[in-house]
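A.B. asks: Have a look at this one before I ask anything.
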Amino acid sequence: MGYERLYQLLQPETPDTPARVFRGIHHVMVAAGIAVMLADTVAEWRLAWAGALDGGFQIVCGFFLAEYALRLTAAPGAPGARRRRNWRARLAWAASIGGICDFVGALPGVLDIVFAPSYASLFGFVWLFKLVRYAPGLVSLQRVISDARQALLLILLGFCIVLLLAASLACLGERAAQPDAFSSIPAAL
């Protein structure tokens with residue numbers, strides 16, 4: 001299979017049956033990963049189903065690691081990537097927003113190998129972000145946030161100023177009465 005065909009199969013707008021099957025499996029894996037992550041935090045369920053939870057987590061992690069590898073492999077098939085060498089197209093994809101999101105989605109699998117499933121499963125929430133690629137409404141939200149970036153940064157700056165001012169005043173006013181809680185501005189924050 002050529003890079004272009006593989007790239008097309010992995011795109012959310014491709015109407016082909018294999019692409020739709022991949023999207024269906026992808027969405028099932030996201031749901032299963034989130035379910036395993038949630039179930040893993042319930043102590044009784046963890047004790048009763050530890051093997052099944054670990055196995056399910058590893059299957060989901062394996063799928064997202066394989067998906068990352070497939071998307072990295074398919075990067076030279078992207079429109080406009082023909083002008084670049086294969087390794088440059090892959091590097092450009094890996095540094096893109098989509099590549100970074102897919103890498104972060106594969107990260108719980110790496111953490112599972114390095115540490116233990118109980119720690120790695122806590123990072124399974126990042127799999128929710130993998131649905132952004134498939135949700136047109138979220139793409140619109142991304143565009144709106146991008147267009148309003150300056151106004152949002154101004155609001156964030158104002159919020160930080162008010163927060164620091166309030167913490168400074170609380171530290172000055174309450175330091176003598178409650179030295180443990182208001183010993184410094186970071187403590188007052």
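By convention here, the chains of the structure tokens are called A, B, ... in the order presented, each chain's residues are numbered starting at 1, and ligands are numbered starting at 1 in the order presented.
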Neighbouring residues of Leu9 (chain A) were defined as those with any atom within 12 Å, considering only C-alpha atoms; residues of the same chain fewer than 4 positions away were excluded. Please report them as a PyMOL selection string.
C.D. replies: chain A and resi 1-5+13-23+67+70-71+74-75+77-78
A.B. asks: Quick one: DSSP helix (DSSP H, G or I) residues in chain A, as a ChimeraX atom specification?
C.D. replies: /A:3-9,17-40,43-77,81-83,86-95,97-114,117-134,136-147,149-174,185-188
A.B. asks: Of the candidates A:His27, A:Arg83, A:Arg90, A:Lys130, which shows the shortest atom-to-atom distance to Ala69 (chain A), using only C-alpha atoms?
C.D. replies: A:Arg90
A.B. asks: Write out as a list in words which residues come within 10 Å of Cys101 (chain A) when counting only C-alpha atoms, dropping same-chain ones fewer than 5 positions away.
C.D. replies: Tyr68, Ala94, Ala95, Ser96, Ala106, Leu107, Val126, Trp127, Phe129, Lys130, Val132 and Arg133 of chain A
A.B. asks: Could you check the closest approach to Leu165 (chain A) for each of A:Ala148, A:Leu153, A:Ala31, A:Leu189 and tell me which residue wins, using only C-alpha atoms?
C.D. replies: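 Of A:Ala148, A:Leu153, A:Ala31, A:Leu189, the one nearest Leu165 (chain A) is A:Leu189, counting only C-alpha atoms.
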A.B. asks: Report, in Å with one decimal, the straight-line distance from CA of Leu10 (chain A) to CA of Asp54 (chain A).
C.D. replies: 27.4 Å
